[in-house]
Amino acid sequence: MANNKQIIFSKGERETLHKVLAARRDMRHFVSGSSVSADVMDRLFAAAHLAPSVGLMQPWRFIQVQNDQVRKDIAMLVDEEIKATANEIGLRKSEFLKLKLEGVRTCAQLVAVVLAPDDGTILGRRTLPRETALCSAACAIENMWLAARAENIGLGWVSLFDPKKLGALLHCPKEALPIALLCIGPVHEFYEKPMLVQEGWRDEKPLAGMLFEDRWPIEGEVQ
Ligand SMILES: Cc1cc2nc3c(=O)[nH]c(=O)nc-3n(C[C@H](O)[C@H](O)[C@H](O)COP(=O)(O)O)c2cc1C
């Protein structure tokens with residue numbers, strides 16, 4: 001990279017960034033039997049590792065799942081959690097069960113993101129220690145998500161698993177916390193809108209109702 005002080009982004013580059021932001025989707029349908037080159041994976045991990053982190057803690061750890069049996073075991077944990085979620089979801093259970101919520105078996109690359117055991121960083125973390133570490137790891141995942149879209153490959157964040165069971169399966173230390181399974185790989189096409197919107201599960205809400213001035217609004221003040 002050129003000297004950061006000398007980098008001035010052009011309008012076209014700014015538009016490209018916004019194009020990537022808008023085109024990013026959470027993907028669950030992958031081209032089975034496809035692959036992602038080591039070069040591309042290196043760029044995705046490098047993007048993740050550029051993320052900001054509280055007190056420069058860099059609490060993210062990535063476990064690339066290469067073993068078929070490990071992937072199968074992970075897929076079963078996800079199935080288990082989907083069933084448990086369905087049983088708690090109430091009236092919309094059958095609708096929920098029709099949703100595609102993961103691509104663990106078909107994605108080209110499966111990566112578990114694990115929050116490392118707390119290294120005792122205090123700077124920026126005195127009041128929200130767990131949350132700030134978690135936010136830092138989430139920043140790394142978002143970087144990866146955007147970098148994947150720029151490579152024209154899909155990434156899906158799966159959080160449907162029991163972290164204790166996944167941690168045990170991946171031999172994580174007991175103070176570590178698996179926070180995400182990332183399904184990565186070529187897709188036939190990117191969803192036009194969030195898949196939950198396309199499937200009629202939920203509507204997106206506009207920014208206008210989330211942007212306040214000076215204080216939290218009183219009820220009815222914001223549409
Ligand atoms: C923390 C987090 C956990 C998520 N877990 C899941 C998941 O387990 N399964 C799934 O299908 N999507 C999951 N998603 C994706 C969201 O459903 C998706 O981001 C949202 O519907 C908006 O769609 P978009 O990402 O395509 O804009 C998760 C997203 C985040 C940020």
# chains A, B, ... in the order shown; residues from 1 in each chain; ligands from 1
>>> residues_near_ligand(ligand="ligand 1", cutoff="8 Å", atoms="only C-alpha atoms and all ligand atoms", output="compact mmCIF listing (two decimals) with N, CA and C atoms, in the first residue's frame")
# COMPACT_ATOMS: atom_id res chain seq x y z
N ARG A 24 -23.09 -6.66 -0.83
CA ARG A 24 -22.81 -7.75 0.13
C ARG A 24 -24.12 -8.40 0.56
N ARG A 25 -24.14 -9.71 0.59
CA ARG A 25 -25.31 -10.44 1.06
C ARG A 25 -24.85 -11.58 1.95
N ASP A 26 -25.71 -11.96 2.87
CA ASP A 26 -25.45 -13.19 3.61
C ASP A 26 -25.89 -14.35 2.73
N MET A 27 -24.96 -15.20 2.33
CA MET A 27 -25.25 -16.26 1.36
C MET A 27 -25.37 -17.63 2.03
N ARG A 28 -26.36 -18.38 1.58
CA ARG A 28 -26.54 -19.75 2.12
C ARG A 28 -26.62 -20.79 1.01
N LEU A 99 -36.88 -22.08 5.72
CA LEU A 99 -35.79 -21.15 5.39
C LEU A 99 -34.47 -21.90 5.26
N LYS A 100 -33.63 -21.42 4.38
CA LYS A 100 -32.28 -21.99 4.27
C LYS A 100 -31.38 -21.09 5.11
N LEU A 101 -30.83 -21.64 6.18
CA LEU A 101 -30.12 -20.79 7.13
C LEU A 101 -28.64 -21.09 7.23
N GLU A 102 -28.15 -21.96 6.38
CA GLU A 102 -26.73 -22.29 6.42
C GLU A 102 -26.33 -23.02 5.16
N ALA A 138 -16.30 -9.10 15.39
CA ALA A 138 -17.35 -8.88 14.38
C ALA A 138 -16.84 -7.95 13.28
N GLY A 156 -21.49 -16.61 4.16
CA GLY A 156 -22.67 -16.67 5.03
C GLY A 156 -22.24 -16.85 6.47
N TRP A 157 -22.79 -16.02 7.33
CA TRP A 157 -22.46 -16.10 8.77
C TRP A 157 -23.49 -17.00 9.43
N VAL A 158 -23.03 -18.08 10.01
CA VAL A 158 -23.94 -19.01 10.70
C VAL A 158 -23.65 -18.94 12.20
N SER A 159 -24.72 -18.66 12.95
CA SER A 159 -24.56 -18.60 14.41
C SER A 159 -25.43 -19.66 15.09
N LEU A 160 -25.96 -20.57 14.28
CA LEU A 160 -26.85 -21.60 14.81
C LEU A 160 -26.02 -22.81 15.26
N PHE A 161 -25.48 -22.71 16.46
CA PHE A 161 -24.72 -23.83 17.05
C PHE A 161 -24.57 -23.58 18.54
N ALA A 180 -18.79 -17.74 15.34
CA ALA A 180 -19.35 -17.77 13.99
C ALA A 180 -18.79 -18.93 13.18
N TYR A 191 -28.19 -13.00 -3.85
CA TYR A 191 -29.58 -12.59 -3.62
C TYR A 191 -29.69 -11.09 -3.90
N LYS A 193 -31.93 -9.13 -2.50
CA LYS A 193 -32.19 -8.50 -1.18
C LYS A 193 -31.81 -9.52 -0.12
N PRO A 194 -31.75 -9.11 1.17
CA PRO A 194 -31.51 -10.11 2.21
C PRO A 194 -32.48 -11.29 2.02
N MET A 195 -31.96 -12.50 2.17
CA MET A 195 -32.81 -13.66 1.89
C MET A 195 -34.04 -13.70 2.79
N LEU A 196 -33.91 -13.20 4.02
CA LEU A 196 -35.08 -13.20 4.93
C LEU A 196 -36.17 -12.28 4.42
N VAL A 197 -35.77 -11.24 3.68
CA VAL A 197 -36.75 -10.34 3.06
C VAL A 197 -37.37 -11.04 1.86
>>> closest_atom_pairs(of="segment 29-68 of chain A", to="segment 109-125 of chain A", cutoff="6 Å", atoms="only C-alpha atoms", output="CSV")
residue,atom,partner,partner_atom,distance
A:Gly55,CA,A:Leu123,CA,5.1
A:Pro59,CA,A:Ala116,CA,5.2
A:Trp60,CA,A:Leu115,CA,5.3
A:Arg61,CA,A:Val114,CA,5.1
A:Phe62,CA,A:Val113,CA,4.8
A:Ile63,CA,A:Ala112,CA,5.0
A:Gln64,CA,A:Val111,CA,4.5
A:Val65,CA,A:Leu110,CA,5.5
>>> atom_distance(atom1="atom CA of Glu151 of chain A", atom2="atom CA of Leu44 of chain A")
9.0 Å
>>> residues_around(residues="Leu77 of chain A", least_positions_apart="4", cutoff="10 Å", atoms="only C-alpha atoms", output="mmCIF file with N, CA and C atoms, in the first residue's frame")
data_model
loop_
_atom_site.group_PDB
_atom_site.id
_atom_site.type_symbol
_atom_site.label_atom_id
_atom_site.label_comp_id
_atom_site.auth_asym_id
_atom_site.auth_seq_id
_atom_site.Cartn_x
_atom_site.Cartn_y
_atom_site.Cartn_z
ATOM 1 N N ARG A 71 -16.189 -31.374 9.314
ATOM 2 C CA ARG A 71 -17.264 -30.589 8.688
ATOM 3 C C ARG A 71 -18.626 -31.270 8.915
ATOM 4 N N LYS A 72 -18.646 -32.607 8.761
ATOM 5 C CA LYS A 72 -19.915 -33.331 8.973
ATOM 6 C C LYS A 72 -20.398 -33.153 10.408
ATOM 7 N N ASP A 73 -19.473 -33.250 11.354
ATOM 8 C CA ASP A 73 -19.850 -33.106 12.772
ATOM 9 C C ASP A 73 -20.386 -31.699 13.046
ATOM 10 N N GLU A 81 -29.188 -27.349 16.306
ATOM 11 C CA GLU A 81 -29.588 -26.018 16.785
ATOM 12 C C GLU A 81 -30.775 -25.482 15.983
ATOM 13 N N ILE A 82 -30.827 -25.830 14.703
ATOM 14 C CA ILE A 82 -31.979 -25.389 13.892
ATOM 15 C C ILE A 82 -33.251 -26.033 14.465
ATOM 16 N N LEU A 160 -25.956 -20.568 14.276
ATOM 17 C CA LEU A 160 -26.848 -21.604 14.806
ATOM 18 C C LEU A 160 -26.021 -22.807 15.264
ATOM 19 N N PHE A 161 -25.479 -22.715 16.459
ATOM 20 C CA PHE A 161 -24.723 -23.831 17.046
ATOM 21 C C PHE A 161 -24.574 -23.583 18.535
ATOM 22 N N ASP A 162 -24.318 -24.670 19.259
ATOM 23 C CA ASP A 162 -24.037 -24.550 20.688
ATOM 24 C C ASP A 162 -22.529 -24.271 20.816
ATOM 25 N N PRO A 163 -22.151 -23.087 21.317
ATOM 26 C CA PRO A 163 -20.712 -22.742 21.328
ATOM 27 C C PRO A 163 -19.868 -23.710 22.154
ATOM 28 N N LYS A 165 -20.372 -26.958 22.513
ATOM 29 C CA LYS A 165 -20.151 -28.182 21.715
ATOM 30 C C LYS A 165 -19.196 -27.910 20.552
ATOM 31 N N LEU A 166 -19.339 -26.764 19.917
ATOM 32 C CA LEU A 166 -18.443 -26.451 18.789
ATOM 33 C C LEU A 166 -17.013 -26.252 19.301
ATOM 34 N N LEU A 169 -15.555 -29.624 19.893
ATOM 35 C CA LEU A 169 -15.269 -30.291 18.610
ATOM 36 C C LEU A 169 -13.975 -29.767 17.974
#
>>> residues_around(residues="Val54 of chain A", least_positions_apart="6", cutoff="7 Å", atoms="only C-alpha atoms", output="PDB file with N, CA and C atoms, in the first residue's frame")
ATOM      1  N   GLY A 124     -10.040   0.583  27.029  1.00  0.00           N
ATOM      2  CA  GLY A 124     -11.298   0.569  26.274  1.00  0.00           C
ATOM      3  C   GLY A 124     -12.282  -0.507  26.700  1.00  0.00           C
ATOM      4  N   THR A 132     -16.847  -5.580  23.970  1.00  0.00           N
ATOM      5  CA  THR A 132     -15.885  -4.901  23.092  1.00  0.00           C
ATOM      6  C   THR A 132     -14.991  -5.914  22.352  1.00  0.00           C
ATOM      7  N   ALA A 133     -14.680  -7.006  23.017  1.00  0.00           N
ATOM      8  CA  ALA A 133     -13.904  -8.060  22.332  1.00  0.00           C
ATOM      9  C   ALA A 133     -14.748  -8.655  21.199  1.00  0.00           C
ATOM     10  N   SER A 136     -15.020  -6.390  18.262  1.00  0.00           N
ATOM     11  CA  SER A 136     -13.776  -6.386  17.483  1.00  0.00           C
ATOM     12  C   SER A 136     -13.750  -7.564  16.517  1.00  0.00           C
TER      13      SER A 136
END
>>> atom_distance(atom1="atom CA of Val104 of chain A", atom2="atom CA of Leu170 of chain A")
15.3 Å
>>> select_by_dssp(residues="segment 118-217 of chain A", states="helix (DSSP H, G or I)", output="VMD selection string")
chain A and resid 129 to 150 163 to 169 195 to 198 207 to 210
>>> atom_distance(atom1="atom CA of Met57 of chain A", atom2="atom CA of Cys139 of chain A")
12.4 Å
>>> select_by_dssp(residues="segment 16-199 of chain A", states="strand (DSSP E)", output="number ranges by chain")
A: 60-65, 109-115, 154-158, 177-185
